[in-house]
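See below for start.cif, which holds mmCIF, C-alpha atoms.
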```cif
data_entry
#
loop_
_atom_site.label_atom_id
_atom_site.label_comp_id
_atom_site.auth_asym_id
_atom_site.auth_seq_id
_atom_site.Cartn_x
_atom_site.Cartn_y
_atom_site.Cartn_z
CA MET A 1 106.05 105.67 71.20
CA LYS A 2 103.97 107.32 68.55
CA ILE A 3 100.74 108.93 69.75
CA THR A 4 98.04 108.65 67.16
CA LYS A 5 95.08 110.99 66.90
CA ARG A 6 92.84 108.18 68.09
CA ARG A 7 94.93 107.53 71.21
CA LEU A 8 95.10 111.24 71.94
CA LYS A 9 91.31 111.52 71.58
CA ASN A 10 90.78 108.53 73.90
CA LEU A 11 93.18 110.04 76.45
CA MET A 12 91.39 113.39 76.32
CA ASN A 13 88.00 111.69 76.77
CA TYR A 14 89.37 109.76 79.74
CA LEU A 15 90.74 112.95 81.34
CA ILE A 16 87.43 114.75 80.83
CA VAL A 17 85.51 111.92 82.52
CA VAL A 18 87.96 111.91 85.45
CA LEU A 19 87.64 115.70 85.86
CA ILE A 20 83.84 115.53 85.76
CA LEU A 21 83.80 112.74 88.36
CA PHE A 22 86.18 114.71 90.59
CA MET A 23 83.96 117.79 90.35
CA LEU A 24 80.83 115.77 91.13
CA VAL A 25 82.41 114.15 94.17
CA SER A 26 83.75 117.43 95.56
CA CYS A 27 80.47 119.23 94.96
CA SER A 28 78.39 116.43 96.41
CA LEU A 29 79.98 116.65 99.86
CA GLU A 30 79.49 120.40 99.94
CA THR A 31 75.83 120.12 99.05
CA SER A 32 75.30 117.09 101.29
CA ILE A 33 76.33 118.97 104.46
CA VAL A 34 74.01 121.94 103.81
CA GLY A 35 71.25 121.89 106.39
CA LYS A 36 70.71 121.46 110.11
CA TRP A 37 72.43 118.70 112.10
CA ASN A 38 71.75 117.54 115.67
CA GLU A 39 74.51 115.92 117.72
CA ILE A 40 73.59 112.29 118.42
CA ASP A 41 75.05 112.00 121.94
CA GLY A 42 74.89 115.66 122.94
CA ASN A 43 72.94 118.87 122.63
CA GLU A 44 74.91 120.65 119.91
CA THR A 45 73.23 121.77 116.70
CA MET A 46 75.19 122.78 113.60
CA GLU A 47 73.66 124.40 110.56
CA PHE A 48 75.59 124.71 107.30
CA PHE A 49 74.33 127.22 104.74
CA LYS A 50 74.85 127.29 100.96
CA ASP A 51 76.74 130.58 101.20
CA GLY A 52 79.60 128.97 103.16
CA THR A 53 78.51 130.08 106.62
CA VAL A 54 77.91 127.88 109.64
CA SER A 55 76.01 128.37 112.88
CA VAL A 56 76.66 126.34 116.04
CA ASN A 57 74.44 126.16 119.12
CA SER A 58 75.49 123.98 122.04
CA GLY A 59 72.67 125.01 124.37
CA TYR A 60 74.65 127.62 126.27
CA VAL A 61 77.11 128.86 123.63
CA ASN A 62 76.13 130.15 120.20
CA THR A 63 78.64 131.05 117.54
CA SER A 64 78.83 131.44 113.81
CA GLY A 65 81.52 131.49 111.18
CA SER A 66 82.40 130.11 107.81
CA TYR A 67 83.37 126.77 106.33
CA SER A 68 85.08 125.49 103.23
CA LEU A 69 85.99 122.04 102.06
CA VAL A 70 89.73 121.39 101.95
CA ASP A 71 89.16 118.12 100.07
CA ASN A 72 86.65 115.26 100.06
CA ASP A 73 87.15 114.38 103.72
CA ARG A 74 88.37 117.56 105.43
CA ILE A 75 86.58 120.77 106.30
CA LYS A 76 88.02 124.12 107.39
CA LEU A 77 85.97 125.91 110.05
CA THR A 78 86.60 129.55 110.95
CA PHE A 79 84.53 130.94 113.81
CA ASN A 80 83.74 134.52 114.82
CA GLY A 81 84.04 136.26 118.19
CA LEU A 82 86.23 134.79 120.92
CA PHE A 83 86.44 131.51 119.02
CA ALA A 84 88.33 133.36 116.29
CA LEU A 85 91.31 133.58 118.65
CA ALA A 86 91.93 129.86 118.14
CA GLY A 87 92.20 130.42 114.40
CA PRO A 88 90.77 128.20 111.68
CA VAL A 89 90.30 124.52 112.44
CA VAL A 90 90.74 121.78 109.83
CA ALA A 91 88.75 118.69 110.80
CA ASP A 92 88.02 115.33 109.19
CA ILE A 93 84.43 114.99 108.00
CA SER A 94 82.37 112.13 106.64
CA VAL A 95 78.76 112.10 105.57
CA HIS A 96 76.81 108.91 104.99
CA GLY A 97 73.15 109.53 104.24
CA ASP A 98 71.63 111.38 107.19
CA GLU A 99 74.64 110.91 109.47
CA MET A 100 77.75 113.06 109.70
CA ALA A 101 80.91 112.66 111.76
CA ILE A 102 83.42 115.44 112.43
CA THR A 103 86.77 114.56 113.99
CA MET A 104 88.63 117.53 115.42
CA PRO A 105 92.46 117.78 115.41
CA ASN A 106 92.54 116.65 119.07
CA GLY A 107 90.91 113.35 118.02
CA LYS A 108 87.44 114.04 119.46
CA THR A 109 84.72 112.82 117.11
CA SER A 110 81.21 114.21 117.22
CA LYS A 111 78.41 112.45 115.38
CA TYR A 112 75.34 114.20 114.03
CA LYS A 113 72.02 113.26 112.49
CA ARG A 114 70.29 115.46 109.91
CA ALA A 115 67.36 117.36 111.42
CA LYS A 116 64.03 116.54 109.83
#
```
Show me, as structure tokens, the structure contained in the file I just sent.
Amino acid sequence: MKITKRRLKNLMNYLIVVLILFMLVSCSLETSIVGKWNEIDGNETMEFFKDGTVSVNSGYVNTSGSYSLVDNDRIKLTFNGLFALAGPVVADISVHGDEMAITMPNGKTSKYKRAK
């Protein structure tokens, strides 16, 4: 099959559009989780910062650490202090508007609402 300059140009344009869309989707989740989140059926508060750090307050336990997105629906959380002994945790994450759900590896899902 002979690849003409026109076909090659169309293919390159297609690849550029796909790469741009991929970058927008991956960046959008990261920017959409930045902010303070209150657990819907609990007392935990999580705050994600632009610099990749996270703070968690469950009323009686406070901890901080870092986060990074593994892909569009998984987040890696690494906590400081005694929580560091457990090592990094990779959890499923979904954000829809002002609601976020995080499902830990043990299957427990916590739902959060963005703080106003």
Exercise. With the file shown as input, list the residues that the PyMOL selection byres ((chain A and resi 93) around 8) selects, as a ChimeraX atom specification.
Key: /A:73-75,91-92,94-95,100-103
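Proximity to A:Ile40 was assessed for A:Asn72, A:Asn57, A:Asn62, A:Ser110 counting only C-alpha atoms; the smallest distance is recorded for A:Ser110.
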Practice problem: Have a look at atom CA of A:Lys113 and atom CA of A:Ala84 and let me know their distance in Å, one decimal. | Solution: 26.2 Å
Quiz item: Can you list, as a PyMOL selection string, every protein, DNA or RNA residue that comes within 8 Å of A:Glu99 when you count all atoms listed in the file, leaving out same-chain residues fewer than 6 positions away?
Solution: chain A and resi 111-114
Quiz item: Residues picked by the PyMOL selection byres ((chain A and resi 88) around 12) here, as an MDAnalysis selection string?
Solution: chainID A and resid 65:68 70 75:80 83:87 89:91 104:105
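Residue membership of the PyMOL selection byres ((chain A and resi 54) around 6) in the shown file amounts to Glu47, Phe48, Thr53, Ser55, Ser64, Gly65 and Ser66 of chain A.
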Since the input is missing atoms, can you rebuild N, CA and C atoms for stretch 25-61 of chain A and write them as a PDB file, in the coordinates of the input?
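Resulting contents of part-v1.pdb:
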```
ATOM      1  N   VAL A  25      82.134 114.620  92.823  1.00  0.00           N
ATOM      2  CA  VAL A  25      82.410 114.150  94.170  1.00  0.00           C
ATOM      3  C   VAL A  25      82.660 115.325  95.103  1.00  0.00           C
ATOM      4  N   SER A  26      83.456 116.294  94.682  1.00  0.00           N
ATOM      5  CA  SER A  26      83.750 117.430  95.560  1.00  0.00           C
ATOM      6  C   SER A  26      82.522 118.288  95.784  1.00  0.00           C
ATOM      7  N   CYS A  27      81.683 118.440  94.788  1.00  0.00           N
ATOM      8  CA  CYS A  27      80.470 119.230  94.960  1.00  0.00           C
ATOM      9  C   CYS A  27      79.445 118.486  95.803  1.00  0.00           C
ATOM     10  N   SER A  28      79.417 117.174  95.698  1.00  0.00           N
ATOM     11  CA  SER A  28      78.390 116.430  96.410  1.00  0.00           C
ATOM     12  C   SER A  28      78.563 116.520  97.917  1.00  0.00           C
ATOM     13  N   LEU A  29      79.795 116.520  98.423  1.00  0.00           N
ATOM     14  CA  LEU A  29      79.980 116.650  99.860  1.00  0.00           C
ATOM     15  C   LEU A  29      79.528 118.028 100.324  1.00  0.00           C
ATOM     16  N   GLU A  30      79.879 119.049  99.548  1.00  0.00           N
ATOM     17  CA  GLU A  30      79.490 120.400  99.940  1.00  0.00           C
ATOM     18  C   GLU A  30      77.977 120.539  99.999  1.00  0.00           C
ATOM     19  N   THR A  31      77.282 120.010  99.021  1.00  0.00           N
ATOM     20  CA  THR A  31      75.830 120.120  99.050  1.00  0.00           C
ATOM     21  C   THR A  31      75.206 119.163 100.052  1.00  0.00           C
ATOM     22  N   SER A  32      75.883 118.056 100.354  1.00  0.00           N
ATOM     23  CA  SER A  32      75.300 117.090 101.290  1.00  0.00           C
ATOM     24  C   SER A  32      75.373 117.559 102.744  1.00  0.00           C
ATOM     25  N   ILE A  33      76.267 118.503 103.070  1.00  0.00           N
ATOM     26  CA  ILE A  33      76.330 118.970 104.460  1.00  0.00           C
ATOM     27  C   ILE A  33      75.412 120.166 104.708  1.00  0.00           C
ATOM     28  N   VAL A  34      74.903 120.788 103.644  1.00  0.00           N
ATOM     29  CA  VAL A  34      74.010 121.940 103.810  1.00  0.00           C
ATOM     30  C   VAL A  34      72.751 121.485 104.538  1.00  0.00           C
ATOM     31  N   GLY A  35      72.433 122.199 105.600  1.00  0.00           N
ATOM     32  CA  GLY A  35      71.250 121.890 106.390  1.00  0.00           C
ATOM     33  C   GLY A  35      71.567 121.875 107.871  1.00  0.00           C
ATOM     34  N   LYS A  36      70.596 121.461 108.655  1.00  0.00           N
ATOM     35  CA  LYS A  36      70.710 121.460 110.110  1.00  0.00           C
ATOM     36  C   LYS A  36      71.024 120.056 110.602  1.00  0.00           C
ATOM     37  N   TRP A  37      71.972 119.971 111.556  1.00  0.00           N
ATOM     38  CA  TRP A  37      72.430 118.700 112.100  1.00  0.00           C
ATOM     39  C   TRP A  37      72.372 118.734 113.615  1.00  0.00           C
ATOM     40  N   ASN A  38      71.822 117.664 114.218  1.00  0.00           N
ATOM     41  CA  ASN A  38      71.750 117.540 115.670  1.00  0.00           C
ATOM     42  C   ASN A  38      72.757 116.505 116.137  1.00  0.00           C
ATOM     43  N   GLU A  39      73.532 116.854 117.167  1.00  0.00           N
ATOM     44  CA  GLU A  39      74.510 115.920 117.720  1.00  0.00           C
ATOM     45  C   GLU A  39      73.776 114.708 118.295  1.00  0.00           C
ATOM     46  N   ILE A  40      74.265 113.517 117.992  1.00  0.00           N
ATOM     47  CA  ILE A  40      73.590 112.290 118.420  1.00  0.00           C
ATOM     48  C   ILE A  40      73.687 112.093 119.930  1.00  0.00           C
ATOM     49  N   ASP A  41      74.874 112.220 120.499  1.00  0.00           N
ATOM     50  CA  ASP A  41      75.050 112.000 121.940  1.00  0.00           C
ATOM     51  C   ASP A  41      75.349 113.303 122.672  1.00  0.00           C
ATOM     52  N   GLY A  42      74.657 114.362 122.309  1.00  0.00           N
ATOM     53  CA  GLY A  42      74.890 115.660 122.940  1.00  0.00           C
ATOM     54  C   GLY A  42      73.763 116.611 122.594  1.00  0.00           C
ATOM     55  N   ASN A  43      73.984 117.882 122.876  1.00  0.00           N
ATOM     56  CA  ASN A  43      72.940 118.870 122.630  1.00  0.00           C
ATOM     57  C   ASN A  43      73.354 119.932 121.613  1.00  0.00           C
ATOM     58  N   GLU A  44      74.430 119.679 120.880  1.00  0.00           N
ATOM     59  CA  GLU A  44      74.910 120.650 119.910  1.00  0.00           C
ATOM     60  C   GLU A  44      74.136 120.542 118.599  1.00  0.00           C
ATOM     61  N   THR A  45      73.869 121.700 118.004  1.00  0.00           N
ATOM     62  CA  THR A  45      73.230 121.770 116.700  1.00  0.00           C
ATOM     63  C   THR A  45      74.143 122.588 115.784  1.00  0.00           C
ATOM     64  N   MET A  46      74.408 122.055 114.602  1.00  0.00           N
ATOM     65  CA  MET A  46      75.190 122.780 113.600  1.00  0.00           C
ATOM     66  C   MET A  46      74.309 122.970 112.380  1.00  0.00           C
ATOM     67  N   GLU A  47      74.398 124.159 111.793  1.00  0.00           N
ATOM     68  CA  GLU A  47      73.660 124.400 110.560  1.00  0.00           C
ATOM     69  C   GLU A  47      74.618 124.989 109.529  1.00  0.00           C
ATOM     70  N   PHE A  48      74.745 124.274 108.408  1.00  0.00           N
ATOM     71  CA  PHE A  48      75.590 124.710 107.300  1.00  0.00           C
ATOM     72  C   PHE A  48      74.703 125.326 106.231  1.00  0.00           C
ATOM     73  N   PHE A  49      75.099 126.503 105.753  1.00  0.00           N
ATOM     74  CA  PHE A  49      74.330 127.220 104.740  1.00  0.00           C
ATOM     75  C   PHE A  49      75.058 127.180 103.403  1.00  0.00           C
ATOM     76  N   LYS A  50      74.289 127.336 102.320  1.00  0.00           N
ATOM     77  CA  LYS A  50      74.850 127.290 100.960  1.00  0.00           C
ATOM     78  C   LYS A  50      75.912 128.349 100.726  1.00  0.00           C
ATOM     79  N   ASP A  51      75.811 129.474 101.432  1.00  0.00           N
ATOM     80  CA  ASP A  51      76.740 130.580 101.200  1.00  0.00           C
ATOM     81  C   ASP A  51      78.088 130.395 101.900  1.00  0.00           C
ATOM     82  N   GLY A  52      78.316 129.226 102.517  1.00  0.00           N
ATOM     83  CA  GLY A  52      79.600 128.970 103.160  1.00  0.00           C
ATOM     84  C   GLY A  52      79.664 129.392 104.613  1.00  0.00           C
ATOM     85  N   THR A  53      78.528 129.715 105.207  1.00  0.00           N
ATOM     86  CA  THR A  53      78.510 130.080 106.620  1.00  0.00           C
ATOM     87  C   THR A  53      77.984 128.912 107.441  1.00  0.00           C
ATOM     88  N   VAL A  54      78.328 128.931 108.728  1.00  0.00           N
ATOM     89  CA  VAL A  54      77.910 127.880 109.640  1.00  0.00           C
ATOM     90  C   VAL A  54      77.484 128.520 110.955  1.00  0.00           C
ATOM     91  N   SER A  55      76.490 127.926 111.584  1.00  0.00           N
ATOM     92  CA  SER A  55      76.010 128.370 112.880  1.00  0.00           C
ATOM     93  C   SER A  55      76.051 127.187 113.830  1.00  0.00           C
ATOM     94  N   VAL A  56      76.548 127.411 115.059  1.00  0.00           N
ATOM     95  CA  VAL A  56      76.660 126.340 116.040  1.00  0.00           C
ATOM     96  C   VAL A  56      75.975 126.788 117.324  1.00  0.00           C
ATOM     97  N   ASN A  57      75.128 125.904 117.862  1.00  0.00           N
ATOM     98  CA  ASN A  57      74.440 126.160 119.120  1.00  0.00           C
ATOM     99  C   ASN A  57      74.616 124.936 119.999  1.00  0.00           C
ATOM    100  N   SER A  58      75.274 125.127 121.135  1.00  0.00           N
ATOM    101  CA  SER A  58      75.490 123.980 122.040  1.00  0.00           C
ATOM    102  C   SER A  58      74.621 124.097 123.296  1.00  0.00           C
ATOM    103  N   GLY A  59      73.558 124.857 123.224  1.00  0.00           N
ATOM    104  CA  GLY A  59      72.670 125.010 124.370  1.00  0.00           C
ATOM    105  C   GLY A  59      72.999 126.239 125.176  1.00  0.00           C
ATOM    106  N   TYR A  60      74.258 126.449 125.487  1.00  0.00           N
ATOM    107  CA  TYR A  60      74.650 127.620 126.270  1.00  0.00           C
ATOM    108  C   TYR A  60      75.635 128.515 125.522  1.00  0.00           C
ATOM    109  N   VAL A  61      76.202 128.045 124.438  1.00  0.00           N
ATOM    110  CA  VAL A  61      77.110 128.860 123.630  1.00  0.00           C
ATOM    111  C   VAL A  61      76.633 128.831 122.180  1.00  0.00           C
TER     112      VAL A  61
END
```
